[in-house]
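Undergrad: One file: coords30.csv (CSV, C-alpha atoms and all ligand atoms).
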```csv
chain,number,residue,atom,x,y,z
A,1,MET,CA,316.7,-1.2,-117.6
A,2,LYS,CA,317.6,-1.8,-114.0
A,3,THR,CA,316.9,1.0,-111.5
A,4,GLU,CA,320.6,1.2,-110.6
A,5,ASP,CA,321.4,1.9,-114.3
A,6,LYS,CA,318.8,4.6,-114.3
A,7,ILE,CA,320.5,6.3,-111.4
A,8,HIS,CA,323.9,5.9,-113.2
A,9,LEU,CA,322.3,7.7,-116.2
A,10,LYS,CA,321.3,10.7,-114.2
A,11,GLY,CA,323.1,13.7,-115.7
A,12,PHE,CA,323.9,11.8,-119.0
A,13,ARG,CA,322.3,13.3,-122.0
A,14,SER,CA,323.2,10.3,-124.2
A,15,TRP,CA,323.8,6.7,-123.7
A,16,ALA,CA,324.1,3.4,-125.6
A,17,GLU,CA,322.0,0.5,-124.5
A,18,VAL,CA,323.9,-2.8,-125.0
A,19,ASP,CA,321.4,-5.6,-125.2
A,20,LYS,CA,322.8,-8.7,-123.4
A,21,ASP,CA,320.2,-11.1,-124.7
A,22,ARG,CA,320.9,-10.1,-128.3
A,23,LEU,CA,324.6,-10.4,-127.8
A,24,VAL,CA,324.3,-13.9,-126.4
A,25,HIS,CA,321.7,-14.8,-129.1
A,26,ASN,CA,324.2,-13.8,-131.9
A,27,VAL,CA,327.0,-15.8,-130.5
A,28,LYS,CA,324.8,-18.9,-130.1
A,29,SER,CA,323.3,-18.4,-133.5
A,30,ILE,CA,326.7,-18.3,-135.1
A,31,HIS,CA,328.1,-21.1,-133.1
A,32,SER,CA,325.2,-23.4,-133.9
A,33,ARG,CA,325.9,-22.7,-137.6
A,34,VAL,CA,329.7,-23.0,-137.7
A,35,ASN,CA,330.3,-25.4,-134.8
A,36,LYS,CA,333.8,-24.1,-134.2
A,37,ASP,CA,335.4,-22.5,-131.2
A,38,ILE,CA,334.8,-18.7,-131.1
A,39,PHE,CA,337.5,-16.1,-130.8
A,40,ALA,CA,335.3,-13.0,-129.9
A,41,VAL,CA,336.9,-9.8,-131.1
A,42,VAL,CA,336.5,-7.1,-128.5
A,43,LYS,CA,339.1,-4.6,-129.8
A,44,ALA,CA,338.3,-0.9,-130.0
A,45,ASP,CA,336.2,-1.1,-126.8
A,46,ALA,CA,334.3,-4.0,-128.3
A,47,TYR,CA,333.5,-2.0,-131.4
A,48,GLY,CA,332.2,0.8,-129.2
A,49,HIS,CA,330.0,-1.5,-127.1
A,50,GLY,CA,332.2,-1.3,-124.0
A,51,ALA,CA,334.9,-4.0,-123.8
A,52,ALA,CA,334.9,-4.7,-120.1
A,53,GLU,CA,331.1,-5.3,-119.8
A,54,VAL,CA,330.9,-7.2,-123.1
A,55,SER,CA,333.8,-9.4,-122.2
A,56,LYS,CA,332.3,-10.3,-118.9
A,57,ILE,CA,329.2,-11.6,-120.8
A,58,LEU,CA,331.2,-13.3,-123.5
A,59,GLN,CA,333.7,-15.1,-121.2
A,60,GLY,CA,330.7,-16.8,-119.6
A,61,LEU,CA,329.7,-18.5,-122.8
A,62,LYS,CA,331.0,-22.1,-123.4
A,63,SER,CA,331.7,-21.6,-127.1
A,64,VAL,CA,333.9,-18.5,-126.5
A,65,ARG,CA,337.5,-19.6,-126.1
A,66,TYR,CA,339.4,-16.4,-126.6
A,67,LEU,CA,338.9,-12.7,-126.5
A,68,CYS,CA,340.8,-10.7,-129.1
A,69,VAL,CA,342.1,-7.2,-128.7
A,70,ALA,CA,344.2,-5.0,-131.0
A,71,THR,CA,346.9,-3.9,-128.5
A,72,ALA,CA,348.6,-4.9,-125.3
A,73,GLU,CA,347.1,-1.8,-123.6
A,74,GLU,CA,343.6,-3.0,-124.5
A,75,GLY,CA,344.5,-6.4,-123.0
A,76,ARG,CA,345.7,-4.8,-119.8
A,77,GLU,CA,342.4,-2.9,-119.5
A,78,LEU,CA,340.5,-6.2,-119.7
A,79,ARG,CA,342.6,-7.8,-117.0
A,80,GLU,CA,342.1,-4.8,-114.8
A,81,ALA,CA,338.4,-5.1,-115.3
A,82,GLY,CA,338.7,-8.7,-113.9
A,83,ILE,CA,338.6,-10.6,-117.2
A,84,ASN,CA,340.4,-13.9,-116.8
A,85,SER,CA,339.7,-15.6,-120.1
A,86,ASP,CA,342.5,-16.1,-122.6
A,87,VAL,CA,343.3,-12.9,-124.4
A,88,LEU,CA,344.9,-12.7,-127.8
A,89,VAL,CA,346.6,-9.5,-129.0
A,90,LEU,CA,346.0,-9.3,-132.8
A,91,GLY,CA,348.3,-6.4,-133.4
A,92,GLY,CA,351.5,-8.2,-132.4
A,93,ILE,CA,354.1,-7.4,-129.8
A,94,LEU,CA,356.5,-4.5,-129.7
A,95,PRO,CA,359.7,-4.3,-127.6
A,96,GLU,CA,358.3,-1.8,-125.1
A,97,GLU,CA,355.2,-3.9,-124.5
A,98,VAL,CA,356.9,-7.1,-123.4
A,99,ASP,CA,356.3,-6.5,-119.7
A,100,ILE,CA,352.6,-5.9,-120.3
A,101,PHE,CA,352.4,-9.2,-122.1
A,102,SER,CA,354.0,-11.1,-119.2
A,103,SER,CA,352.4,-9.2,-116.3
A,104,TYR,CA,348.9,-9.5,-117.7
A,105,ASN,CA,349.2,-12.9,-119.2
A,106,LEU,CA,348.4,-11.9,-122.8
A,107,VAL,CA,349.1,-14.0,-125.9
A,108,PRO,CA,350.6,-12.2,-128.9
A,109,VAL,CA,350.0,-12.9,-132.5
A,110,VAL,CA,353.5,-13.1,-134.0
A,111,SER,CA,353.8,-12.1,-137.6
A,112,ASP,CA,357.5,-11.6,-138.3
A,113,PHE,CA,361.0,-12.8,-137.1
A,114,ASP,CA,361.6,-9.7,-134.9
A,115,GLN,CA,358.4,-10.4,-133.0
A,116,LEU,CA,359.1,-14.2,-132.8
A,117,ARG,CA,362.6,-13.6,-131.3
A,118,LEU,CA,361.2,-10.9,-129.0
A,119,ALA,CA,358.7,-13.4,-127.6
A,120,ILE,CA,361.3,-16.2,-127.2
A,121,ASN,CA,363.9,-14.0,-125.6
A,122,ASN,CA,361.4,-12.6,-123.1
A,123,ARG,CA,360.0,-16.0,-122.1
A,124,ILE,CA,356.5,-15.4,-123.5
A,125,LYS,CA,354.9,-18.8,-123.0
A,126,LYS,CA,352.8,-19.1,-126.1
A,127,VAL,CA,352.1,-17.4,-129.4
A,128,HIS,CA,349.8,-17.6,-132.4
A,129,LEU,CA,351.6,-17.5,-135.7
A,130,LYS,CA,350.1,-15.3,-138.4
A,131,PHE,CA,350.6,-16.0,-142.1
A,132,ASP,CA,350.0,-13.5,-144.9
A,133,THR,CA,347.9,-15.2,-147.6
A,134,GLY,CA,346.8,-12.0,-149.3
A,135,MET,CA,346.0,-9.2,-146.9
A,136,HIS,CA,349.6,-7.9,-147.1
A,137,ARG,CA,349.4,-6.1,-143.8
A,138,LEU,CA,350.8,-8.5,-141.1
A,139,GLY,CA,352.0,-12.0,-141.3
A,140,PHE,CA,354.9,-14.3,-142.2
A,141,TYR,CA,355.1,-15.4,-145.9
A,142,PRO,CA,354.3,-19.1,-146.4
A,143,GLY,CA,357.9,-19.8,-147.5
A,144,GLN,CA,359.2,-18.7,-144.1
A,145,LEU,CA,357.8,-21.7,-142.2
A,146,ASP,CA,361.1,-23.6,-142.4
A,147,GLU,CA,363.0,-20.9,-140.7
A,148,ILE,CA,360.2,-20.3,-138.1
A,149,ILE,CA,360.5,-23.9,-137.1
A,150,LYS,CA,364.2,-23.7,-136.7
A,151,ILE,CA,364.0,-20.6,-134.5
A,152,ALA,CA,360.9,-21.6,-132.5
A,153,SER,CA,361.3,-25.3,-132.0
A,154,GLY,CA,361.7,-26.3,-128.3
A,155,ARG,CA,361.7,-22.6,-127.3
A,156,ILE,CA,358.1,-21.5,-127.5
A,157,HIS,CA,354.7,-23.1,-127.7
A,158,ILE,CA,352.8,-22.4,-130.9
A,159,GLU,CA,349.3,-22.6,-129.7
A,160,GLY,CA,347.6,-21.2,-132.8
A,161,ILE,CA,348.1,-20.6,-136.5
A,162,MET,CA,346.1,-18.1,-138.4
A,163,SER,CA,345.6,-15.9,-141.5
A,164,HIS,CA,343.2,-13.1,-142.4
A,165,PHE,CA,340.8,-12.3,-145.2
A,166,PRO,CA,340.8,-8.8,-146.8
A,167,SER,CA,337.8,-9.3,-149.1
A,168,ALA,CA,335.6,-12.2,-147.9
A,169,ASP,CA,332.6,-9.8,-148.3
A,170,THR,CA,333.3,-9.0,-152.0
A,171,ASP,CA,335.7,-11.4,-153.6
A,172,PRO,CA,335.0,-15.2,-153.3
A,173,GLU,CA,337.6,-16.2,-155.8
A,174,TYR,CA,340.4,-14.4,-154.0
A,175,THR,CA,339.1,-15.7,-150.7
A,176,GLN,CA,339.0,-19.2,-151.9
A,177,LYS,CA,342.6,-19.0,-153.0
A,178,GLN,CA,343.5,-17.8,-149.5
A,179,ILE,CA,341.8,-20.8,-148.0
A,180,THR,CA,343.8,-23.1,-150.2
A,181,ALA,CA,347.0,-21.3,-149.5
A,182,PHE,CA,346.4,-21.4,-145.7
A,183,GLY,CA,345.5,-25.1,-145.9
A,184,LYS,CA,348.9,-25.8,-147.4
A,185,ILE,CA,350.6,-24.0,-144.6
A,186,VAL,CA,348.7,-25.9,-142.0
A,187,LYS,CA,349.6,-29.2,-143.7
A,188,GLN,CA,353.2,-28.3,-144.0
A,189,ALA,CA,353.4,-27.3,-140.3
A,190,GLU,CA,351.9,-30.7,-139.5
A,191,LYS,CA,354.8,-32.3,-141.3
A,192,TYR,CA,357.1,-30.5,-139.0
A,193,GLY,CA,355.2,-32.0,-136.1
A,194,ILE,CA,353.4,-28.7,-135.3
A,195,LYS,CA,349.7,-29.3,-134.6
A,196,PRO,CA,348.4,-26.1,-133.0
A,197,ARG,CA,345.4,-26.3,-130.7
A,198,TYR,CA,343.7,-23.4,-132.7
A,199,ILE,CA,343.6,-23.0,-136.4
A,200,HIS,CA,341.7,-19.9,-137.4
A,201,LEU,CA,341.1,-17.9,-140.5
A,202,GLN,CA,337.5,-16.8,-140.9
A,203,ASN,CA,336.3,-13.4,-139.8
A,204,SER,CA,332.6,-12.6,-139.9
A,205,ALA,CA,332.3,-12.3,-143.7
A,206,GLY,CA,334.5,-15.4,-143.9
A,207,LEU,CA,331.8,-17.5,-142.1
A,208,GLU,CA,330.1,-17.9,-145.5
A,209,TYR,CA,333.0,-20.0,-146.7
A,210,ARG,CA,333.9,-23.6,-145.7
A,211,CYS,CA,337.2,-24.2,-144.0
A,212,ASP,CA,337.2,-27.8,-142.9
A,213,PHE,CA,340.7,-27.8,-141.5
A,214,CYS,CA,340.0,-24.7,-139.3
A,215,ASN,CA,338.7,-25.4,-135.8
A,216,SER,CA,338.0,-21.8,-134.7
A,217,VAL,CA,336.7,-18.5,-136.0
A,218,ARG,CA,337.7,-14.9,-135.2
A,219,ILE,CA,334.6,-12.8,-135.3
A,220,GLY,CA,333.6,-9.2,-134.3
A,221,ILE,CA,330.9,-7.4,-136.3
A,222,SER,CA,328.5,-10.3,-136.5
A,223,ILE,CA,328.4,-10.8,-132.7
A,224,TYR,CA,327.4,-7.2,-132.5
A,225,GLY,CA,324.6,-7.9,-134.8
A,226,GLU,CA,325.6,-6.3,-138.1
A,227,LYS,CA,325.9,-8.3,-141.3
A,228,PRO,CA,329.4,-8.2,-142.7
A,229,SER,CA,328.1,-8.7,-146.3
A,230,LYS,CA,324.8,-8.5,-148.1
A,231,SER,CA,324.8,-12.3,-148.5
A,232,PHE,CA,325.5,-13.1,-144.9
A,233,SER,CA,323.0,-15.8,-144.0
A,234,ILE,CA,323.3,-16.3,-140.2
A,235,PRO,CA,320.5,-14.6,-138.3
A,236,VAL,CA,321.9,-11.8,-136.0
A,237,LYS,CA,320.3,-8.9,-134.3
A,238,THR,CA,321.7,-5.4,-133.6
A,239,VAL,CA,323.0,-5.2,-130.1
A,240,MET,CA,323.5,-1.5,-129.5
A,241,SER,CA,320.9,1.3,-129.5
A,242,VAL,CA,322.2,4.8,-129.1
A,243,LYS,CA,319.8,7.2,-127.3
A,244,ALA,CA,319.9,11.0,-126.6
A,245,LYS,CA,317.8,13.6,-124.9
A,246,VAL,CA,315.8,16.5,-126.3
A,247,ILE,CA,317.2,19.7,-124.9
A,248,THR,CA,314.6,22.1,-126.3
A,249,VAL,CA,311.7,22.3,-128.7
A,250,LYS,CA,310.8,25.5,-130.6
A,251,GLN,CA,309.3,27.1,-133.7
A,252,LEU,CA,311.1,28.2,-136.8
A,253,LYS,CA,309.6,30.7,-139.2
A,254,LYS,CA,309.5,30.3,-143.0
A,255,GLY,CA,312.9,31.4,-144.5
A,256,GLU,CA,314.9,31.1,-141.2
A,257,ARG,CA,318.2,29.3,-141.4
A,258,VAL,CA,319.4,26.6,-139.1
A,259,SER,CA,322.8,25.8,-137.5
A,260,TYR,CA,326.4,26.6,-138.6
A,261,GLY,CA,326.7,27.8,-142.2
A,262,GLY,CA,323.0,28.1,-142.5
A,263,THR,CA,322.8,25.1,-144.9
A,264,PHE,CA,319.1,24.6,-144.1
A,265,ARG,CA,316.4,27.2,-144.7
A,266,ALA,CA,312.9,26.6,-143.5
A,267,PRO,CA,310.5,26.2,-146.5
A,268,ALA,CA,307.6,26.9,-144.3
A,269,ASP,CA,306.9,27.5,-140.6
A,270,MET,CA,308.1,24.5,-138.7
A,271,LYS,CA,308.7,23.0,-135.3
A,272,ILE,CA,312.2,21.8,-134.5
A,273,ALA,CA,313.9,20.0,-131.6
A,274,VAL,CA,317.5,20.3,-130.5
A,275,VAL,CA,319.0,16.9,-129.5
A,276,ALA,CA,322.0,16.4,-127.3
A,277,PHE,CA,324.1,14.4,-129.7
A,278,GLY,CA,326.7,15.8,-132.1
A,279,TYR,CA,329.8,14.8,-133.8
A,280,ALA,CA,331.8,14.7,-130.6
A,281,ASP,CA,329.5,11.9,-129.5
A,282,GLY,CA,330.2,10.0,-132.7
A,283,LEU,CA,327.5,11.2,-135.0
A,284,PRO,CA,329.1,11.6,-138.5
A,285,ARG,CA,328.9,15.2,-139.6
A,286,ALA,CA,328.2,13.8,-143.0
A,287,LEU,CA,324.6,13.2,-141.8
A,288,SER,CA,323.9,17.0,-141.9
A,289,ASN,CA,320.7,17.5,-143.8
A,290,ARG,CA,320.7,13.7,-144.6
A,291,GLY,CA,320.2,11.5,-141.6
A,292,TYR,CA,317.3,11.0,-139.2
A,293,PHE,CA,316.5,9.9,-135.7
A,294,LEU,CA,313.5,8.1,-134.3
A,295,PHE,CA,311.0,9.4,-131.8
A,296,LYS,CA,308.3,6.9,-130.7
A,297,ASP,CA,308.4,5.0,-134.0
A,298,ARG,CA,308.5,8.1,-136.1
A,299,LYS,CA,311.3,9.4,-138.3
A,300,ILE,CA,312.6,12.9,-137.4
A,301,ARG,CA,314.8,14.4,-140.1
A,302,ILE,CA,318.2,16.0,-139.3
A,303,ILE,CA,318.2,19.6,-140.6
A,304,GLY,CA,321.2,21.9,-140.9
A,305,ASN,CA,324.8,20.9,-140.0
A,306,VAL,CA,325.4,18.5,-137.2
A,307,THR,CA,327.3,20.4,-134.5
A,308,MET,CA,329.8,19.2,-131.9
A,309,ASP,CA,327.3,18.5,-129.1
A,310,MET,CA,323.9,18.9,-130.6
A,311,THR,CA,321.8,18.1,-133.7
A,312,ILE,CA,318.7,19.8,-134.9
A,313,VAL,CA,315.7,17.8,-136.1
A,314,ASP,CA,312.4,18.6,-137.8
A,315,VAL,CA,309.5,17.6,-135.5
A,316,THR,CA,306.8,19.5,-137.3
A,317,GLY,CA,303.5,17.8,-136.6
A,318,LEU,CA,304.7,16.0,-133.5
A,319,GLU,CA,302.5,17.2,-130.6
A,320,ASP,CA,304.0,15.2,-127.8
A,321,ILE,CA,307.8,15.9,-128.0
A,322,LYS,CA,309.3,17.9,-125.1
A,323,PRO,CA,312.5,18.6,-123.3
A,324,ASP,CA,314.0,15.6,-121.5
A,325,ASP,CA,312.3,13.1,-123.9
A,326,THR,CA,314.5,10.4,-125.4
A,327,VAL,CA,315.1,10.0,-129.1
A,328,THR,CA,316.9,7.1,-130.8
A,329,VAL,CA,320.0,8.1,-132.8
A,330,ILE,CA,320.9,4.6,-134.0
A,331,GLY,CA,319.3,1.3,-133.2
A,332,ARG,CA,315.9,0.2,-131.9
A,333,ASP,CA,312.9,2.4,-131.0
A,334,ARG,CA,309.9,0.2,-130.3
A,335,GLU,CA,309.0,-1.5,-133.6
A,336,LYS,CA,311.4,0.5,-135.7
A,337,GLU,CA,315.2,0.3,-136.1
A,338,ILE,CA,317.9,2.4,-137.6
A,339,TYR,CA,320.7,0.0,-138.6
A,340,PHE,CA,324.4,0.9,-138.4
A,341,GLU,CA,324.6,-0.2,-142.1
A,342,GLU,CA,322.0,2.4,-143.1
A,343,VAL,CA,323.9,5.2,-141.3
A,344,ALA,CA,327.1,4.0,-142.8
A,345,SER,CA,325.9,3.9,-146.3
A,346,LEU,CA,324.5,7.5,-145.9
A,347,CYS,CA,328.1,8.5,-145.0
A,348,ASN,CA,329.9,6.4,-147.5
A,349,THR,CA,331.6,4.2,-145.0
A,350,ILE,CA,331.1,0.9,-143.2
A,351,PRO,CA,329.1,0.0,-140.0
A,352,TYR,CA,332.4,-0.8,-138.2
A,353,GLU,CA,333.4,2.8,-138.4
A,354,ILE,CA,330.1,4.2,-137.2
A,355,MET,CA,330.1,1.7,-134.2
A,356,CYS,CA,333.5,2.4,-132.9
A,357,ARG,CA,333.2,6.1,-133.3
A,358,ILE,CA,330.5,6.3,-130.6
A,359,SER,CA,332.5,8.4,-128.2
A,360,LYS,CA,333.4,8.1,-124.5
A,361,ARG,CA,330.8,10.8,-123.5
A,362,VAL,CA,328.1,8.4,-124.4
A,363,LYS,CA,327.5,6.2,-121.3
A,364,ARG,CA,327.2,2.5,-122.0
A,365,VAL,CA,324.5,0.5,-120.2
A,366,ILE,CA,323.8,-3.2,-120.3
A,367,VAL,CA,320.1,-3.8,-120.7
B,1,LIG,C1,339.0,-7.1,-136.4
B,1,LIG,C2,339.5,-8.5,-136.8
B,1,LIG,C3,338.7,-9.6,-136.9
B,1,LIG,C4,337.2,-9.5,-136.8
B,1,LIG,O1,336.6,-9.1,-138.0
B,1,LIG,P1,335.0,-8.9,-138.2
B,1,LIG,O2,334.9,-8.6,-139.7
B,1,LIG,O3,334.6,-7.9,-137.3
B,1,LIG,O4,334.4,-10.2,-137.9
B,1,LIG,C5,339.2,-10.8,-137.2
B,1,LIG,N1,340.6,-10.9,-137.4
B,1,LIG,C6,341.4,-9.9,-137.3
B,1,LIG,C7,342.9,-10.1,-137.5
B,1,LIG,C8,340.9,-8.6,-137.1
B,1,LIG,O5,341.8,-7.6,-137.0
```
Would you give me this structure, written as structure tokens?
Ligand SMILES: *Cc1c(COP(=O)(O)O)cnc(C)c1O
TA:
Amino acid sequence: MKTEDKIHLKGFRSWAEVDKDRLVHNVKSIHSRVNKDIFAVVKADAYGHGAAEVSKILQGLKSVRYLCVATAEEGRELREAGINSDVLVLGGILPEEVDIFSSYNLVPVVSDFDQLRLAINNRIKKVHLKFDTGMHRLGFYPGQLDEIIKIASGRIHIEGIMSHFPSADTDPEYTQKQITAFGKIVKQAEKYGIKPRYIHLQNSAGLEYRCDFCNSVRIGISIYGEKPSKSFSIPVKTVMSVKAKVITVKQLKKGERVSYGGTFRAPADMKIAVVAFGYADGLPRALSNRGYFLFKDRKIRIIGNVTMDMTIVDVTGLEDIKPDDTVTVIGRDREKEIYFEEVASLCNTIPYEIMCRISKRVKRVIV
């Protein structure tokens, strides 16, 4: 860590170290496998990694052609942070957002006729058209291409055409059908003389499938180093490590209860530490009495209920732990690592949710 970052961290009891080399490694690793243009997804504050800083790193990479956000507001924030790469807004365009799109030069994904007309009538220069091939969230239906062409032709530039996978991690048959369906749409569009610069379908889990007619991929979780499915075969490394400080260390007598609700009772005399990281920092309360942190390569068990700002851990037998020491909440600690996937499965959710829940109070630092 640079000295200036250390100074920035003064007064912070928790922070998330975002490993630049690992981020770059992941993008290069994926690009060398798929050999397509990369649309790096930096929505939700880059899955909790800090959108501005992450985008600065990503826009410097040759393979990254677009940054993708969920909303116009997220796009505006990138521009205000000095990001000048192309920015695609995945969540579409709403009437009240039109000015933001034009002032900040953002490109909307357009997925119905209202949005298409809105873009045309407000002189948005280019759009990416989204088709619904099975997600049933956003997207035109394949049969609407005729009418899209009628409305759009000569009035707006269709720079991209896309669809999205709901189950690439679990359902190859369904996913394969989507690839076929999307291929037909692309062919049909070609017949109308529409050859978009970007054709993109695959998300991270979708990278395990072939899409020969696609020339770009839209990926998030894999660039942050988490496998989107068990079978994911591209080597990636966890980018973010979440750290917090020990506030106090003390003894607990046999039979004493810990934290709200007293859900933990000491089976014997023990030593405990209070760590400055709670559910307001993004630690799932579901980890109460279940999860663990790392301290110098050793697992320290969470005991009692996780509270808003603090969590109590069992440090019995650890001689060297003291106030102001750093523990690892998620991520790398020397040779050991707590993976987002591991935390997620303890809480019955997915690593995406754990990542983007790490809250604003946790200072992000690039290391
Ligand atoms: C979030 C998102 C992605 C990225 O998905 P990952 O599984 O993180 O790779 C791609 N496309 C769309 C439309 C998305 O909303």
Undergrad: With a distance cut-off of 8 Å and only C-alpha atoms, select the neighbouring residues of Asn26 in chain A, excluding the residue or stretch itself and same-chain residues fewer than 4 positions from it, and output the selection as a PyMOL selection string.
TA: chain A and resi 22+30+222-225+235-237
Undergrad: With all atoms listed in the file as the basis for distance, which of A:Ile330, A:Ile161, A:Ile120, A:Ile149 is at the shortest distance from ligand LIG 1 (chain B)?
TA: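 Looking only at the distances to ligand LIG 1 (chain B), the closest residue turns out to be A:Ile161.
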Undergrad: Quick one: of A:Ser29, A:Leu283, A:Arg265, A:Val242, who's nearest to Glu17 in chain A, counting only C-alpha atoms?
TA: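 Looking only at the distances to Glu17 in chain A, the closest residue turns out to be A:Val242.
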Undergrad: Using only C-alpha atoms and all ligand atoms, determine which residues fall within 8 Å of ligand LIG 1 (chain B), then list them as a VMD selection string.
TA: chain A and resid 40 to 41 43 70 90 to 91 163 to 165 201 to 206 218 to 223 228 352
Undergrad: Would you please work out which residue, of A:Ala268, A:Met355, A:Ile151, A:Leu67, is nearest to Thr238 in chain A when using only C-alpha atoms?
TA: A:Met355
Undergrad: Interatomic distance between CA of Arg155 in chain A and CA of Leu129 in chain A?
TA: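 A separation of 14.1 Å between them.
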Undergrad: Which residues are near Asp21 in chain A? Cut-off 10 Å, all atoms listed in the file, ignore same chain within fewer than 6 positions. Put them as a list in words.
TA: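 Neighbouring residues, sequence-local ones excluded: Ile57, Lys237, Val239, Ile366 and Val367 of chain A.
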Undergrad: Name the closest residue to Leu9 in chain A among the candidates A:Val54, A:Ser288, A:Lys243, A:Ser103; distances are taken between atoms, counting only C-alpha atoms.
TA: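 For Leu9 in chain A, the nearest of the given residues is A:Lys243.
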Undergrad: Just add N, CA, C and O atoms to range 34-49 of chain A and send it as a PDB file, in the coordinates of the input.
TA:
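So out-v9.pdb came out as:
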```pdb
ATOM      1  N   VAL A  34     328.310 -22.682-137.312  1.00  0.00           N
ATOM      2  CA  VAL A  34     329.700 -23.000-137.700  1.00  0.00           C
ATOM      3  C   VAL A  34     330.271 -24.175-136.888  1.00  0.00           C
ATOM      4  O   VAL A  34     331.186 -24.866-137.332  1.00  0.00           O
ATOM      5  N   ASN A  35     329.769 -24.329-135.666  1.00  0.00           N
ATOM      6  CA  ASN A  35     330.300 -25.400-134.800  1.00  0.00           C
ATOM      7  C   ASN A  35     331.778 -25.409-134.647  1.00  0.00           C
ATOM      8  O   ASN A  35     332.423 -26.454-134.751  1.00  0.00           O
ATOM      9  N   LYS A  36     332.353 -24.238-134.448  1.00  0.00           N
ATOM     10  CA  LYS A  36     333.800 -24.100-134.200  1.00  0.00           C
ATOM     11  C   LYS A  36     333.962 -23.228-132.937  1.00  0.00           C
ATOM     12  O   LYS A  36     333.058 -22.451-132.597  1.00  0.00           O
ATOM     13  N   ASP A  37     335.134 -23.326-132.315  1.00  0.00           N
ATOM     14  CA  ASP A  37     335.400 -22.500-131.200  1.00  0.00           C
ATOM     15  C   ASP A  37     335.384 -20.996-131.618  1.00  0.00           C
ATOM     16  O   ASP A  37     335.819 -20.667-132.727  1.00  0.00           O
ATOM     17  N   ILE A  38     334.915 -20.150-130.723  1.00  0.00           N
ATOM     18  CA  ILE A  38     334.800 -18.700-131.100  1.00  0.00           C
ATOM     19  C   ILE A  38     335.867 -17.890-130.405  1.00  0.00           C
ATOM     20  O   ILE A  38     336.083 -17.966-129.202  1.00  0.00           O
ATOM     21  N   PHE A  39     336.575 -17.114-131.231  1.00  0.00           N
ATOM     22  CA  PHE A  39     337.500 -16.100-130.800  1.00  0.00           C
ATOM     23  C   PHE A  39     336.659 -14.776-130.929  1.00  0.00           C
ATOM     24  O   PHE A  39     336.454 -14.326-132.058  1.00  0.00           O
ATOM     25  N   ALA A  40     336.167 -14.235-129.824  1.00  0.00           N
ATOM     26  CA  ALA A  40     335.300 -13.000-129.900  1.00  0.00           C
ATOM     27  C   ALA A  40     336.212 -11.806-129.933  1.00  0.00           C
ATOM     28  O   ALA A  40     337.041 -11.608-129.047  1.00  0.00           O
ATOM     29  N   VAL A  41     336.044 -10.989-130.948  1.00  0.00           N
ATOM     30  CA  VAL A  41     336.900  -9.800-131.100  1.00  0.00           C
ATOM     31  C   VAL A  41     336.288  -8.631-130.340  1.00  0.00           C
ATOM     32  O   VAL A  41     335.173  -8.206-130.639  1.00  0.00           O
ATOM     33  N   VAL A  42     337.021  -8.163-129.345  1.00  0.00           N
ATOM     34  CA  VAL A  42     336.500  -7.100-128.500  1.00  0.00           C
ATOM     35  C   VAL A  42     337.470  -5.856-128.546  1.00  0.00           C
ATOM     36  O   VAL A  42     337.514  -5.031-127.641  1.00  0.00           O
ATOM     37  N   LYS A  43     338.228  -5.771-129.653  1.00  0.00           N
ATOM     38  CA  LYS A  43     339.100  -4.600-129.800  1.00  0.00           C
ATOM     39  C   LYS A  43     338.279  -3.334-129.949  1.00  0.00           C
ATOM     40  O   LYS A  43     337.064  -3.401-130.191  1.00  0.00           O
ATOM     41  N   ALA A  44     338.984  -2.190-129.859  1.00  0.00           N
ATOM     42  CA  ALA A  44     338.300  -0.900-130.000  1.00  0.00           C
ATOM     43  C   ALA A  44     337.089  -0.803-129.104  1.00  0.00           C
ATOM     44  O   ALA A  44     335.989  -0.483-129.553  1.00  0.00           O
ATOM     45  N   ASP A  45     337.309  -1.138-127.816  1.00  0.00           N
ATOM     46  CA  ASP A  45     336.200  -1.100-126.800  1.00  0.00           C
ATOM     47  C   ASP A  45     335.011  -1.891-127.280  1.00  0.00           C
ATOM     48  O   ASP A  45     333.869  -1.451-127.157  1.00  0.00           O
ATOM     49  N   ALA A  46     335.312  -3.107-127.766  1.00  0.00           N
ATOM     50  CA  ALA A  46     334.300  -4.000-128.300  1.00  0.00           C
ATOM     51  C   ALA A  46     333.418  -3.273-129.342  1.00  0.00           C
ATOM     52  O   ALA A  46     332.201  -3.212-129.236  1.00  0.00           O
ATOM     53  N   TYR A  47     334.114  -2.751-130.355  1.00  0.00           N
ATOM     54  CA  TYR A  47     333.500  -2.000-131.400  1.00  0.00           C
ATOM     55  C   TYR A  47     332.505  -0.973-130.876  1.00  0.00           C
ATOM     56  O   TYR A  47     331.395  -0.773-131.374  1.00  0.00           O
ATOM     57  N   GLY A  48     332.988  -0.328-129.808  1.00  0.00           N
ATOM     58  CA  GLY A  48     332.200   0.800-129.200  1.00  0.00           C
ATOM     59  C   GLY A  48     331.136   0.305-128.232  1.00  0.00           C
ATOM     60  O   GLY A  48     330.419   1.133-127.686  1.00  0.00           O
ATOM     61  N   HIS A  49     331.028  -0.994-127.970  1.00  0.00           N
ATOM     62  CA  HIS A  49     330.000  -1.500-127.100  1.00  0.00           C
ATOM     63  C   HIS A  49     330.379  -1.495-125.604  1.00  0.00           C
ATOM     64  O   HIS A  49     329.550  -1.763-124.736  1.00  0.00           O
TER      65      HIS A  49
END
```
